[in-house]
Structures are given as structure tokens and as C-alpha cells.
>>> print(open('work_34.csv').read())   # CSV, C-alpha atoms
chain,number,residue,atom,x,y,z
T,14,MET,CA,92.5,145.4,97.2
T,15,ARG,CA,94.9,145.3,100.1
T,16,LEU,CA,96.1,147.2,103.1
T,17,ASP,CA,99.7,146.6,104.2
T,18,GLY,CA,101.4,147.6,107.5
T,19,ARG,CA,104.1,146.7,110.0
T,20,THR,CA,103.9,145.8,113.6
T,21,GLY,CA,107.7,145.7,114.1
T,22,PRO,CA,111.0,145.8,112.1
T,23,ASN,CA,110.7,142.1,111.1
T,24,THR,CA,106.9,141.6,111.2
T,25,SER,CA,104.3,142.8,108.7
T,26,TYR,CA,100.6,142.3,108.0
T,27,ARG,CA,98.3,142.4,105.1
T,28,LEU,CA,94.5,142.6,104.9
T,29,TYR,CA,93.1,142.0,101.5
T,30,ALA,CA,90.1,141.2,99.3
T,31,ARG,CA,90.3,139.4,95.9
T,32,SER,CA,88.0,138.2,93.2
T,33,GLU,CA,88.6,136.1,90.1
T,34,ILE,CA,86.5,135.1,87.0
T,35,ASN,CA,87.4,132.3,84.6
T,36,ALA,CA,85.2,132.2,81.5
T,37,PHE,CA,85.7,129.7,78.6
T,38,ALA,CA,84.8,130.2,75.0
T,39,SER,CA,83.5,126.8,74.1
T,40,VAL,CA,82.7,125.0,77.4
T,41,GLN,CA,80.6,127.3,79.5
T,42,ASP,CA,80.0,124.6,82.1
T,43,ALA,CA,83.7,125.0,83.0
T,44,ASP,CA,83.2,128.7,84.0
T,45,PHE,CA,84.0,129.5,87.6
T,46,SER,CA,84.6,132.4,89.9
T,47,PHE,CA,85.4,133.2,93.5
T,48,ALA,CA,85.6,136.1,96.0
T,49,LEU,CA,87.6,136.1,99.2
T,50,VAL,CA,88.8,138.2,102.1
T,51,GLY,CA,92.0,137.4,104.0
T,52,ALA,CA,94.6,138.4,106.5
T,53,ARG,CA,98.3,137.6,106.5
T,54,LEU,CA,101.0,138.0,109.2
T,55,THR,CA,104.6,137.7,108.1
T,56,GLN,CA,107.8,137.3,110.2
T,57,ASP,CA,111.4,137.3,108.9
T,58,ILE,CA,113.3,134.4,110.4
T,59,ALA,CA,116.9,133.7,109.5
T,60,GLN,CA,116.6,135.3,106.0
T,61,TRP,CA,113.4,133.4,105.3
T,62,SER,CA,110.0,135.0,105.2
T,63,ALA,CA,107.4,132.9,107.1
T,64,SER,CA,103.7,133.7,106.8
T,65,LEU,CA,100.5,132.6,108.6
T,66,ILE,CA,97.4,133.3,106.5
T,67,TYR,CA,93.6,133.1,107.0
T,68,GLU,CA,91.1,133.3,104.1
T,69,ASN,CA,87.3,133.2,103.9
T,70,ARG,CA,86.5,132.1,100.3
T,71,HIS,CA,83.2,131.8,98.4
T,72,SER,CA,83.5,129.8,95.2
T,73,TYR,CA,80.9,129.7,92.4
T,74,ASN,CA,80.0,127.6,89.4
T,75,GLY,CA,79.6,130.1,86.5
T,76,ILE,CA,80.2,133.8,86.9
T,77,PHE,CA,79.0,134.4,90.5
T,78,ASP,CA,75.9,132.2,89.6
T,79,ASP,CA,75.5,129.0,91.6
T,80,ARG,CA,77.5,128.9,94.9
T,81,ALA,CA,79.7,125.8,94.9
T,82,PHE,CA,81.0,126.1,98.4
T,83,SER,CA,82.3,128.4,101.2
T,84,SER,CA,85.4,127.7,103.1
T,85,ASN,CA,87.8,128.8,105.8
T,86,ASP,CA,91.5,128.3,104.8
T,87,LEU,CA,94.5,128.2,107.2
T,88,ILE,CA,97.8,128.5,105.3
T,89,GLY,CA,101.5,128.6,106.1
T,90,THR,CA,104.2,129.7,103.7
T,91,LEU,CA,107.9,129.9,103.6
T,92,ALA,CA,109.9,131.9,101.0
T,93,ARG,CA,113.4,133.3,100.4
T,94,ASP,CA,115.3,135.0,97.6
T,95,TYR,CA,118.8,133.9,96.6
T,96,ILE,CA,120.7,136.3,94.2
T,97,PHE,CA,123.6,135.1,92.0
T,98,GLY,CA,124.6,138.1,89.9
T,99,ARG,CA,121.8,138.6,87.3
T,100,LEU,CA,119.9,135.4,88.4
T,101,THR,CA,117.4,135.5,91.3
T,102,VAL,CA,116.2,132.1,92.6
T,103,MET,CA,113.0,132.2,94.8
T,104,PRO,CA,112.0,129.0,96.5
T,105,PHE,CA,108.5,129.0,98.0
T,106,PHE,CA,106.7,126.4,100.1
T,107,PHE,CA,102.9,126.4,100.8
T,108,ALA,CA,100.8,124.2,103.1
T,109,GLY,CA,97.1,124.8,103.7
T,110,GLN,CA,94.1,123.2,105.3
T,111,ARG,CA,90.6,124.0,103.9
T,112,PHE,CA,87.5,123.6,106.1
T,113,ALA,CA,84.5,123.8,103.8
T,114,ASP,CA,80.7,123.7,104.2
T,115,VAL,CA,80.6,121.1,101.4
T,116,PRO,CA,82.5,117.9,102.5
T,117,GLU,CA,83.9,117.2,99.0
T,118,ALA,CA,85.8,120.6,99.1
T,119,THR,CA,87.6,119.8,102.4
T,120,ARG,CA,91.3,119.2,101.7
T,121,PHE,CA,95.0,119.6,102.6
T,122,ARG,CA,97.2,121.2,100.0
T,123,PHE,CA,101.0,121.3,99.6
T,124,ASP,CA,103.0,123.3,97.0
T,125,VAL,CA,106.6,123.7,96.1
T,126,VAL,CA,107.4,126.6,93.7
T,127,LEU,CA,110.7,127.7,92.3
T,128,GLY,CA,110.6,131.3,91.0
T,129,LEU,CA,113.4,132.2,88.6
T,130,GLU,CA,114.4,135.6,87.2
T,131,TYR,CA,117.3,136.4,84.9
T,132,ARG,CA,118.0,140.1,84.3
T,133,LEU,CA,118.8,140.8,80.7
T,134,SER,CA,118.9,144.6,81.2
T,135,GLU,CA,117.4,147.2,83.4
T,136,ARG,CA,113.9,146.7,82.0
T,137,TRP,CA,114.1,143.2,80.4
T,138,ALA,CA,114.2,139.8,82.2
T,139,LEU,CA,113.6,136.1,81.5
T,140,VAL,CA,111.2,134.6,84.1
T,141,SER,CA,109.9,131.2,85.1
T,142,THR,CA,107.8,129.8,87.9
T,143,PRO,CA,107.7,126.0,87.8
T,144,PHE,CA,105.7,124.4,90.5
T,145,TYR,CA,104.4,121.1,91.9
T,146,GLU,CA,101.1,121.0,93.9
T,147,VAL,CA,99.3,118.1,95.5
T,148,ASN,CA,95.8,118.1,97.1
T,149,TRP,CA,94.6,115.4,99.5
T,150,PHE,CA,90.8,115.4,99.8
T,151,GLU,CA,89.4,114.2,103.1
T,152,ASP,CA,85.6,113.9,103.1
T,153,GLY,CA,82.4,113.2,101.2
T,154,ALA,CA,82.5,111.7,97.7
T,155,ASN,CA,86.1,112.9,97.3
T,156,GLU,CA,87.4,111.0,100.4
T,157,GLY,CA,90.8,109.4,99.4
T,158,ARG,CA,91.1,111.5,96.2
T,159,ARG,CA,94.6,112.9,95.4
T,160,ASP,CA,95.2,115.4,92.6
T,161,GLN,CA,98.8,116.4,91.5
T,162,PHE,CA,99.7,119.4,89.4
T,163,TYR,CA,102.9,119.9,87.4
T,164,SER,CA,103.5,123.2,85.8
T,165,VAL,CA,106.4,124.7,83.8
T,166,ASP,CA,106.6,128.0,82.1
T,167,ILE,CA,109.0,130.5,80.5
T,168,GLY,CA,108.3,134.2,80.0
T,169,LEU,CA,109.9,137.4,78.7
T,170,GLN,CA,109.2,140.4,81.0
T,171,TYR,CA,109.4,144.1,80.3
T,172,ALA,CA,109.2,146.7,83.1
T,173,ILE,CA,107.1,149.5,81.5
T,174,SER,CA,107.5,151.6,84.7
T,175,GLU,CA,108.4,151.0,88.3
T,176,ARG,CA,104.7,150.0,88.9
T,177,LEU,CA,103.7,148.3,85.7
T,178,VAL,CA,105.2,145.1,84.2
T,179,LEU,CA,104.3,143.3,81.0
T,180,THR,CA,105.1,139.6,80.6
T,181,MET,CA,104.6,137.4,77.6
T,182,ASN,CA,104.8,133.7,78.7
T,183,VAL,CA,104.0,130.1,77.7
T,184,VAL,CA,102.7,127.8,80.5
T,185,SER,CA,102.3,124.0,80.3
T,186,GLU,CA,100.3,122.5,83.2
T,187,HIS,CA,99.2,118.9,83.8
T,188,ARG,CA,96.9,117.4,86.4
T,189,ILE,CA,96.8,113.8,87.3
T,190,SER,CA,94.4,112.2,89.8
T,191,ASN,CA,93.5,108.8,91.3
T,192,PHE,CA,89.8,109.7,90.5
T,193,ALA,CA,88.5,109.3,87.0
T,194,GLY,CA,87.7,112.3,84.9
T,195,GLN,CA,89.9,114.7,87.0
T,196,GLU,CA,93.0,114.8,84.7
T,197,TYR,CA,93.8,117.5,82.2
T,198,ASP,CA,96.6,119.0,80.1
T,199,MET,CA,96.7,122.8,79.5
T,200,LEU,CA,98.9,125.0,77.3
T,201,GLU,CA,98.5,128.7,77.9
T,202,LEU,CA,100.1,131.4,75.8
T,203,GLY,CA,99.7,135.2,76.2
T,204,PRO,CA,100.6,138.4,77.8
T,205,HIS,CA,99.6,139.7,81.2
T,206,PHE,CA,100.1,142.9,83.1
T,207,ASP,CA,101.2,143.2,86.8
T,208,PHE,CA,100.4,146.3,88.7
T,209,ILE,CA,102.7,146.9,91.7
T,210,PHE,CA,101.5,149.1,94.5
>>> encode(input="work_34.csv", output="C-alpha cells")
Amino acid sequence: MRLDGRTGPNTSYRLYARSEINAFASVQDADFSFALVGARLTQDIAQWSASLIYENRHSYNGIFDDRAFSSNDLIGTLARDYIFGRLTVMPFFFAGQRFADVPEATRFRFDVVLGLEYRLSERWALVSTPFYEVNWFEDGANEGRRDQFYSVDIGLQYAISERLVLTMNVVSEHRISNFAGQEYDMLELGPHFDFIF
């Protein structure tokens, strides 16, 4: 849920609440979920969109079962769209500091994302959102840990209506870490719906 508004011609705000559940078929110990509330202030600066974000997050092991940690996140983002005919290129930068009640969850995160959309027709598009993410953990048993994520994907998108989009995509994601047991490779295939309000 979200509430959007403007405080000026180049400044907007968003208040929002979000929840997510991840459940696995064969390894239930990997199930996790979270709930958060947040606020975002966005300013347009020289054709870039700069945002300052605050989120209060509660993360759980299992499906809202055992609370893993609660945190306060301070985030800055920078984004812009470049249009070249049918191709839209959307660079996005993210930097965030997490302050958590569990020392192991305290960390600094940096992302670089490159959104790509190639219009095939009025309703059809090829889309991709490759990204690189790195997390530097700062306290507790995770002090000195660094996790890096690499993700590439390709999707075919169909606009069912102005407010409903169906995308069938393939995602390949890899995590490497300087801590043992924290690496994984993931291949994800499937459709998803995006509702635009």
C-alpha cells in the first residue's frame, strides 16, 4: 500500500507499507518473510531523480514465525531514463545503511542496476534488469563479511491494460561471499504480474 503526493513541481513524497513471503517447497528452513513501513522524498535534479528513504523493517525466519531482527534503514537512490528510439536505458544507483537490533544484521549496501526496455509494439517489449549488489557487514559474528550479488535476466512483457502488465522472464543470480556457506546460484523462470496504480 502506498500514498503518493507532491510538495512542489520537482519534489514528491511517498508513504508506504509492504510485506513479502518467501516459501520453499523442499527446504522449509529457508522460508522467510518481512513487513515494513517507509517514507520517501524525491527531488528532480538535472534530469536525475534523487531520493532519500527511511524504512522500519521487521524480518522473520519462516512465515512471520520467529523474528530474526528489526532494523531502521537510511537509503539514498539516484535514477534517470535515457530514451533512444524504441530503447529505454534506466541506470539506478542505491546506497543504504542498516541499523539493526541484532549486530549481525548491521550493514552497508551498494547497488548498481541497469534497466533496459526495448519496445516491440504498443503492448509488447523485451525487458532486462541486470544488477550488481555488495553488502559490507559491520558487527557481531558477521563483522568483516562481504557478500556480492550478480544478476542477469531477460523477459518478454505484455501490457494487458494501462494498469496491468504480464512479464515472462528468466533470471540467473549468483552470490559470492568471503564467509563460508553464504554462496549460492539461482535460476528462476516464470511469469509475474505488475499492477500499476
>>> residues_around(input="work_34.csv", residues="T:Asn35", least_positions_apart="4", cutoff="8 Å", atoms="all atoms listed in the file", output="list in words")
Asp44, Phe45, Ser46 and Ile76 of chain T
>>> residues_around(input="work_34.csv", residues="T:Val115", least_positions_apart="3", cutoff="10 Å", atoms="only C-alpha atoms", output="PyMOL selection string")
chain T and resi 81-84+112+118-119+152-153
>>> closest_residue(input="work_34.csv", among="T:Leu133, T:Ala108, T:Val102, T:Ala92", to="T:Arg120", atoms="all atoms listed in the file")
T:Ala108
>>> atom_distance(input="work_34.csv", atom1="atom CA of T:Glu175", atom2="atom CA of T:Gly128")
20.0 Å
>>> closest_residue(input="work_34.csv", among="T:Met14, T:Leu129, T:Ala43, T:Val178", to="T:Arg31", atoms="all atoms listed in the file")
T:Met14
>>> residues_around(input="work_34.csv", residues="T:Ile173", least_positions_apart="5", cutoff="10 Å", atoms="only C-alpha atoms", output="PyMOL selection string")
chain T and resi 136-137+178-179+206
>>> atom_distance(input="work_34.csv", atom1="atom CA of T:Ser134", atom2="atom CA of T:Tyr171")
9.6 Å
>>> residues_around(input="work_34.csv", residues="T:Gln56", least_positions_apart="5", cutoff="12 Å", atoms="all atoms listed in the file", output="VMD selection string")
chain T and resid 19 to 27 61 to 66 89 to 93
>>> residues_around(input="work_34.csv", residues="T:Tyr145", least_positions_apart="5", cutoff="6 Å", atoms="all atoms listed in the file", output="ChimeraX atom specification")
/T:124-125,162-163
>>> atom_distance(input="work_34.csv", atom1="atom CA of T:Ala138", atom2="atom CA of T:Gln170")
5.2 Å
>>> closest_residue(input="work_34.csv", among="T:Arg122, T:Asp79, T:Ile58, T:Tyr131", to="T:Gly98", atoms="only C-alpha atoms")
T:Tyr131
>>> closest_residue(input="work_34.csv", among="T:Val165, T:Ala59, T:Ile96, T:Ile34", to="T:Ser141", atoms="all atoms listed in the file")
T:Val165
>>> closest_residue(input="work_34.csv", among="T:Asn85, T:Ser32, T:Asn182, T:Gln60", to="T:Ile167", atoms="all atoms listed in the file")
T:Asn182
>>> closest_residue(input="work_34.csv", among="T:Ser39, T:Thr180, T:Ser185, T:Ser72", to="T:Leu139", atoms="all atoms listed in the file")
T:Thr180
>>> residues_near_point(input="work_34.csv", point="(105.1, 133.3, 81.1)", cutoff="8 Å", atoms="only C-alpha atoms", output="ChimeraX atom specification")
/T:140-141,166-169,180-184,202-204
